[in-house]
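Student: As input, take entry.cif (mmCIF, C-alpha atoms):
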```cif
data_my_file
loop_
_atom_site.label_atom_id
_atom_site.label_comp_id
_atom_site.auth_asym_id
_atom_site.auth_seq_id
_atom_site.Cartn_x
_atom_site.Cartn_y
_atom_site.Cartn_z
CA MET A 1 37.24 86.84 146.41
CA SER A 2 34.70 84.62 148.13
CA ILE A 3 35.64 81.27 149.63
CA LYS A 4 33.84 79.52 146.78
CA GLU A 5 35.79 81.57 144.24
CA ALA A 6 39.02 80.78 146.08
CA GLN A 7 38.28 77.05 145.93
CA GLN A 8 37.54 77.33 142.20
CA THR A 9 40.66 79.42 141.54
CA VAL A 10 42.90 76.91 143.33
CA ASP A 11 41.29 74.05 141.41
CA GLU A 12 41.81 75.86 138.10
CA TRP A 13 45.46 76.54 138.98
CA ILE A 14 46.07 72.93 139.99
CA THR A 15 44.50 71.53 136.81
CA THR A 16 46.28 74.08 134.59
CA TYR A 17 49.75 74.34 136.14
CA GLY A 18 50.02 71.80 138.92
CA VAL A 19 49.32 68.70 136.82
CA ARG A 20 47.29 67.14 139.66
CA TYR A 21 46.65 67.48 143.38
CA PHE A 22 49.14 65.87 145.73
CA SER A 23 47.53 63.06 147.70
CA GLU A 24 45.40 64.05 150.66
CA LEU A 25 47.98 62.63 153.03
CA THR A 26 50.78 64.58 151.36
CA ASN A 27 48.71 67.76 151.48
CA MET A 28 48.02 67.18 155.18
CA ALA A 29 51.78 66.99 155.74
CA VAL A 30 52.30 70.12 153.61
CA LEU A 31 49.61 71.93 155.63
CA THR A 32 51.44 70.99 158.82
CA GLU A 33 54.69 72.32 157.34
CA GLU A 34 53.07 75.60 156.35
CA VAL A 35 51.48 76.06 159.77
CA GLY A 36 54.93 75.48 161.27
CA GLU A 37 56.43 78.18 159.07
CA LEU A 38 53.67 80.56 160.12
CA ALA A 39 54.23 79.63 163.77
CA ARG A 40 57.95 80.40 163.45
CA ILE A 41 57.18 83.94 162.28
CA ILE A 42 54.50 84.51 164.93
CA SER A 43 56.75 83.23 167.71
CA ARG A 44 59.51 85.63 166.72
CA ARG A 45 57.33 88.60 165.90
CA TYR A 46 54.93 88.39 168.84
CA GLY A 47 56.48 85.83 171.17
CA ASP A 48 59.64 85.39 173.15
CA GLN A 49 61.90 83.94 170.46
CA SER A 50 64.41 86.10 168.61
CA TRP A 51 65.32 86.05 164.94
CA LYS A 52 68.44 84.20 163.86
CA LYS A 53 71.08 86.59 162.51
CA ASP A 54 70.96 85.15 159.00
CA ASP A 55 67.14 84.98 158.69
CA PRO A 56 66.13 87.37 155.86
CA ARG A 57 62.64 87.78 157.38
CA ALA A 58 64.16 89.58 160.36
CA LYS A 59 64.68 92.77 158.35
CA ASP A 60 60.97 93.67 158.48
CA ASN A 61 60.19 91.60 161.60
CA GLY A 62 58.50 89.03 159.40
CA GLN A 63 55.79 91.37 158.13
CA GLU A 64 56.05 90.40 154.46
CA ALA A 65 56.47 86.71 155.22
CA LEU A 66 53.54 86.70 157.67
CA GLY A 67 50.91 87.28 154.99
CA ASP A 68 52.66 84.97 152.55
CA GLU A 69 52.70 82.11 155.07
CA MET A 70 49.04 82.68 155.94
CA ALA A 71 48.22 82.48 152.23
CA ASP A 72 50.22 79.24 151.97
CA VAL A 73 48.17 77.74 154.80
CA LEU A 74 44.94 78.83 153.13
CA TRP A 75 46.09 77.47 149.75
CA VAL A 76 46.72 73.98 151.09
CA LEU A 77 43.49 74.01 153.11
CA LEU A 78 41.60 74.93 149.93
CA CYS A 79 43.35 72.06 148.13
CA LEU A 80 42.27 69.61 150.82
CA ALA A 81 38.70 70.92 150.70
CA ASN A 82 38.59 70.49 146.94
CA GLN A 83 40.05 66.99 147.11
CA THR A 84 37.63 65.80 149.75
CA GLY A 85 34.51 67.46 148.33
CA VAL A 86 34.11 69.94 151.18
CA ASP A 87 32.34 73.22 150.39
CA LEU A 88 34.11 75.54 152.83
CA THR A 89 31.45 78.24 152.46
CA VAL A 90 28.77 75.86 153.68
CA GLU A 91 30.99 74.38 156.39
CA LEU A 92 32.12 77.77 157.71
CA LYS A 93 28.51 78.95 157.99
CA LYS A 94 27.59 75.76 159.87
CA ASN A 95 30.64 76.14 162.11
CA ILE A 96 29.79 79.75 162.99
CA GLU A 97 26.25 78.71 163.85
CA LYS A 98 27.55 75.85 166.03
CA LYS A 99 29.90 78.19 167.89
CA THR A 100 27.15 80.79 168.30
CA GLN A 101 24.79 78.25 169.86
CA ARG A 102 27.46 76.67 172.03
CA ASP A 103 29.32 79.78 173.13
CA LYS A 104 26.79 82.63 172.94
CA GLU A 105 27.15 83.31 176.68
CA ARG A 106 30.40 81.54 177.46
CA HIS A 107 32.77 84.35 176.54
CA ILE A 108 30.55 87.17 177.77
CA LYS A 109 30.41 85.51 181.19
CA ASN A 110 34.14 84.70 181.26
CA SER A 111 35.70 86.89 183.96
CA LYS A 112 39.14 86.23 182.44
CA LEU A 113 38.17 88.23 179.37
#
```
Let me see the structure of the file written as structure tokens.

Tutor:
Amino acid sequence: MSIKEAQQTVDEWITTYGVRYFSELTNMAVLTEEVGELARIISRRYGDQSWKKDDPRAKDNGQEALGDEMADVLWVLLCLANQTGVDLTVELKKNIEKKTQRDKERHIKNSKL
């Protein structure tokens, strides 16, 4: 699925099943929540935090939940793009070009890498 198709699919789902989009401000808060849920899994799976005994995601070290939380983040980001008239395909291409121009030698010359 392309980014454009993903934006269209989310819009179709919202207008068919979701009644309407939440407000942009609400979706920004939801995006923050979803990023937090993803961060919790990452910090336990790859970081120094341990799983709580009663956390059901601990059984597979968060593997199943990891992809699900990433998809939740993407879903809300696609909602926000749709609501604000942002074509993420266009913007991602522009962003890659910006980073290429700005950083084309930065990382190659970084002795820390």

Student: With the file shown as input, list the residues that the PyMOL selection byres ((chain A and resi 28) around 12) selects, as a PyMOL selection string.

Tutor: chain A and resi 21-27+29-35+73+75-81+83-84

Student: Any idea what the distance is between CA of Val86 (chain A) and CA of Lys4 (chain A)?

Tutor: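 One can read the CA of Val86 (chain A) to CA of Lys4 (chain A) distance as 10.5 Å.
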
Student: Can you spell out as a list of chain:residue names the set of residues that the PyMOL selection byres ((chain A and resi 70) around 10) selects in the structure I just provided?

Tutor: A:Glu34, A:Val35, A:Glu37, A:Leu38, A:Ala39, A:Ala65, A:Leu66, A:Gly67, A:Asp68, A:Glu69, A:Ala71, A:Asp72, A:Val73, A:Leu74, A:Trp75

Student: Between CA of Gln8 (chain A) and CA of Asn82 (chain A), measure the distance and give it in Å to one decimal.

Tutor: 8.4 Å

Student: At what distance in Å, to one decimal, does CA of Gly36 (chain A) lie from CA of Ala58 (chain A)?

Tutor: 16.9 Å

Student: Which one is closest to Ile42 (chain A): A:Gln63, A:Lys99, A:Asp54, A:Ser2? Count only C-alpha atoms.

Tutor: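 Going through A:Gln63, A:Lys99, A:Asp54, A:Ser2 one by one, the smallest distance to Ile42 (chain A) is for A:Gln63.
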
Student: Skip Arg45 (chain A) itself and residues of its chain fewer than 5 positions away, then list as a PyMOL selection string all residues within 9 Å of it, counting only C-alpha atoms.

Tutor: chain A and resi 40+50-51+58+61-63

Student: How would region 65-83 of chain A look written as a PDB file, in the first residue's frame with N, CA, C and O atoms?

Tutor:
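Contents of selection_34.pdb, freshly written:
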```pdb
ATOM      1  N   ALA A  65       2.942  -6.542  20.037  1.00  0.00           N
ATOM      2  CA  ALA A  65       2.470  -5.198  20.348  1.00  0.00           C
ATOM      3  C   ALA A  65       3.291  -4.126  19.637  1.00  0.00           C
ATOM      4  O   ALA A  65       2.770  -3.050  19.319  1.00  0.00           O
ATOM      5  N   LEU A  66       4.557  -4.405  19.370  1.00  0.00           N
ATOM      6  CA  LEU A  66       5.436  -3.423  18.732  1.00  0.00           C
ATOM      7  C   LEU A  66       4.872  -2.977  17.384  1.00  0.00           C
ATOM      8  O   LEU A  66       4.695  -1.788  17.134  1.00  0.00           O
ATOM      9  N   GLY A  67       4.557  -3.918  16.535  1.00  0.00           N
ATOM     10  CA  GLY A  67       4.004  -3.585  15.217  1.00  0.00           C
ATOM     11  C   GLY A  67       2.647  -2.925  15.317  1.00  0.00           C
ATOM     12  O   GLY A  67       2.329  -1.989  14.569  1.00  0.00           O
ATOM     13  N   ASP A  68       1.829  -3.407  16.255  1.00  0.00           N
ATOM     14  CA  ASP A  68       0.501  -2.842  16.443  1.00  0.00           C
ATOM     15  C   ASP A  68       0.594  -1.386  16.884  1.00  0.00           C
ATOM     16  O   ASP A  68      -0.148  -0.532  16.375  1.00  0.00           O
ATOM     17  N   GLU A  69       1.494  -1.082  17.794  1.00  0.00           N
ATOM     18  CA  GLU A  69       1.641   0.306  18.259  1.00  0.00           C
ATOM     19  C   GLU A  69       2.212   1.197  17.158  1.00  0.00           C
ATOM     20  O   GLU A  69       1.814   2.360  17.031  1.00  0.00           O
ATOM     21  N   MET A  70       3.128   0.681  16.358  1.00  0.00           N
ATOM     22  CA  MET A  70       3.636   1.462  15.231  1.00  0.00           C
ATOM     23  C   MET A  70       2.503   1.782  14.255  1.00  0.00           C
ATOM     24  O   MET A  70       2.408   2.902  13.738  1.00  0.00           O
ATOM     25  N   ALA A  71       1.641   0.796  14.005  1.00  0.00           N
ATOM     26  CA  ALA A  71       0.500   1.020  13.116  1.00  0.00           C
ATOM     27  C   ALA A  71      -0.463   2.046  13.709  1.00  0.00           C
ATOM     28  O   ALA A  71      -1.035   2.868  12.965  1.00  0.00           O
ATOM     29  N   ASP A  72      -0.652   2.024  15.031  1.00  0.00           N
ATOM     30  CA  ASP A  72      -1.500   3.030  15.673  1.00  0.00           C
ATOM     31  C   ASP A  72      -0.941   4.432  15.470  1.00  0.00           C
ATOM     32  O   ASP A  72      -1.690   5.375  15.178  1.00  0.00           O
ATOM     33  N   VAL A  73       0.369   4.579  15.610  1.00  0.00           N
ATOM     34  CA  VAL A  73       1.009   5.880  15.399  1.00  0.00           C
ATOM     35  C   VAL A  73       0.784   6.334  13.953  1.00  0.00           C
ATOM     36  O   VAL A  73       0.402   7.485  13.699  1.00  0.00           O
ATOM     37  N   LEU A  74       1.009   5.428  13.023  1.00  0.00           N
ATOM     38  CA  LEU A  74       0.834   5.763  11.605  1.00  0.00           C
ATOM     39  C   LEU A  74      -0.618   6.137  11.312  1.00  0.00           C
ATOM     40  O   LEU A  74      -0.880   7.104  10.595  1.00  0.00           O
ATOM     41  N   TRP A  75      -1.557   5.385  11.874  1.00  0.00           N
ATOM     42  CA  TRP A  75      -2.992   5.661  11.671  1.00  0.00           C
ATOM     43  C   TRP A  75      -3.330   7.097  12.058  1.00  0.00           C
ATOM     44  O   TRP A  75      -3.945   7.834  11.281  1.00  0.00           O
ATOM     45  N   VAL A  76      -2.930   7.505  13.247  1.00  0.00           N
ATOM     46  CA  VAL A  76      -3.288   8.840  13.721  1.00  0.00           C
ATOM     47  C   VAL A  76      -2.558   9.909  12.911  1.00  0.00           C
ATOM     48  O   VAL A  76      -3.119  10.958  12.604  1.00  0.00           O
ATOM     49  N   LEU A  77      -1.320   9.644  12.516  1.00  0.00           N
ATOM     50  CA  LEU A  77      -0.601  10.587  11.670  1.00  0.00           C
ATOM     51  C   LEU A  77      -1.313  10.752  10.322  1.00  0.00           C
ATOM     52  O   LEU A  77      -1.446  11.866   9.806  1.00  0.00           O
ATOM     53  N   LEU A  78      -1.796   9.651   9.759  1.00  0.00           N
ATOM     54  CA  LEU A  78      -2.552   9.718   8.508  1.00  0.00           C
ATOM     55  C   LEU A  78      -3.847  10.505   8.701  1.00  0.00           C
ATOM     56  O   LEU A  78      -4.234  11.288   7.828  1.00  0.00           O
ATOM     57  N   CYS A  79      -4.508  10.319   9.840  1.00  0.00           N
ATOM     58  CA  CYS A  79      -5.706  11.109  10.143  1.00  0.00           C
ATOM     59  C   CYS A  79      -5.377  12.599  10.146  1.00  0.00           C
ATOM     60  O   CYS A  79      -6.085  13.406   9.513  1.00  0.00           O
ATOM     61  N   LEU A  80      -4.324  12.967  10.842  1.00  0.00           N
ATOM     62  CA  LEU A  80      -3.935  14.378  10.925  1.00  0.00           C
ATOM     63  C   LEU A  80      -3.588  14.942   9.544  1.00  0.00           C
ATOM     64  O   LEU A  80      -3.946  16.080   9.227  1.00  0.00           O
ATOM     65  N   ALA A  81      -2.904  14.147   8.742  1.00  0.00           N
ATOM     66  CA  ALA A  81      -2.574  14.598   7.386  1.00  0.00           C
ATOM     67  C   ALA A  81      -3.849  14.842   6.583  1.00  0.00           C
ATOM     68  O   ALA A  81      -3.986  15.870   5.908  1.00  0.00           O
ATOM     69  N   ASN A  82      -4.780  13.906   6.664  1.00  0.00           N
ATOM     70  CA  ASN A  82      -6.040  14.068   5.941  1.00  0.00           C
ATOM     71  C   ASN A  82      -6.792  15.313   6.409  1.00  0.00           C
ATOM     72  O   ASN A  82      -7.315  16.077   5.592  1.00  0.00           O
ATOM     73  N   GLN A  83      -6.855  15.505   7.706  1.00  0.00           N
ATOM     74  CA  GLN A  83      -7.598  16.628   8.264  1.00  0.00           C
ATOM     75  C   GLN A  83      -7.014  17.977   7.885  1.00  0.00           C
ATOM     76  O   GLN A  83      -7.740  18.954   7.762  1.00  0.00           O
TER      77      GLN A  83
END
```
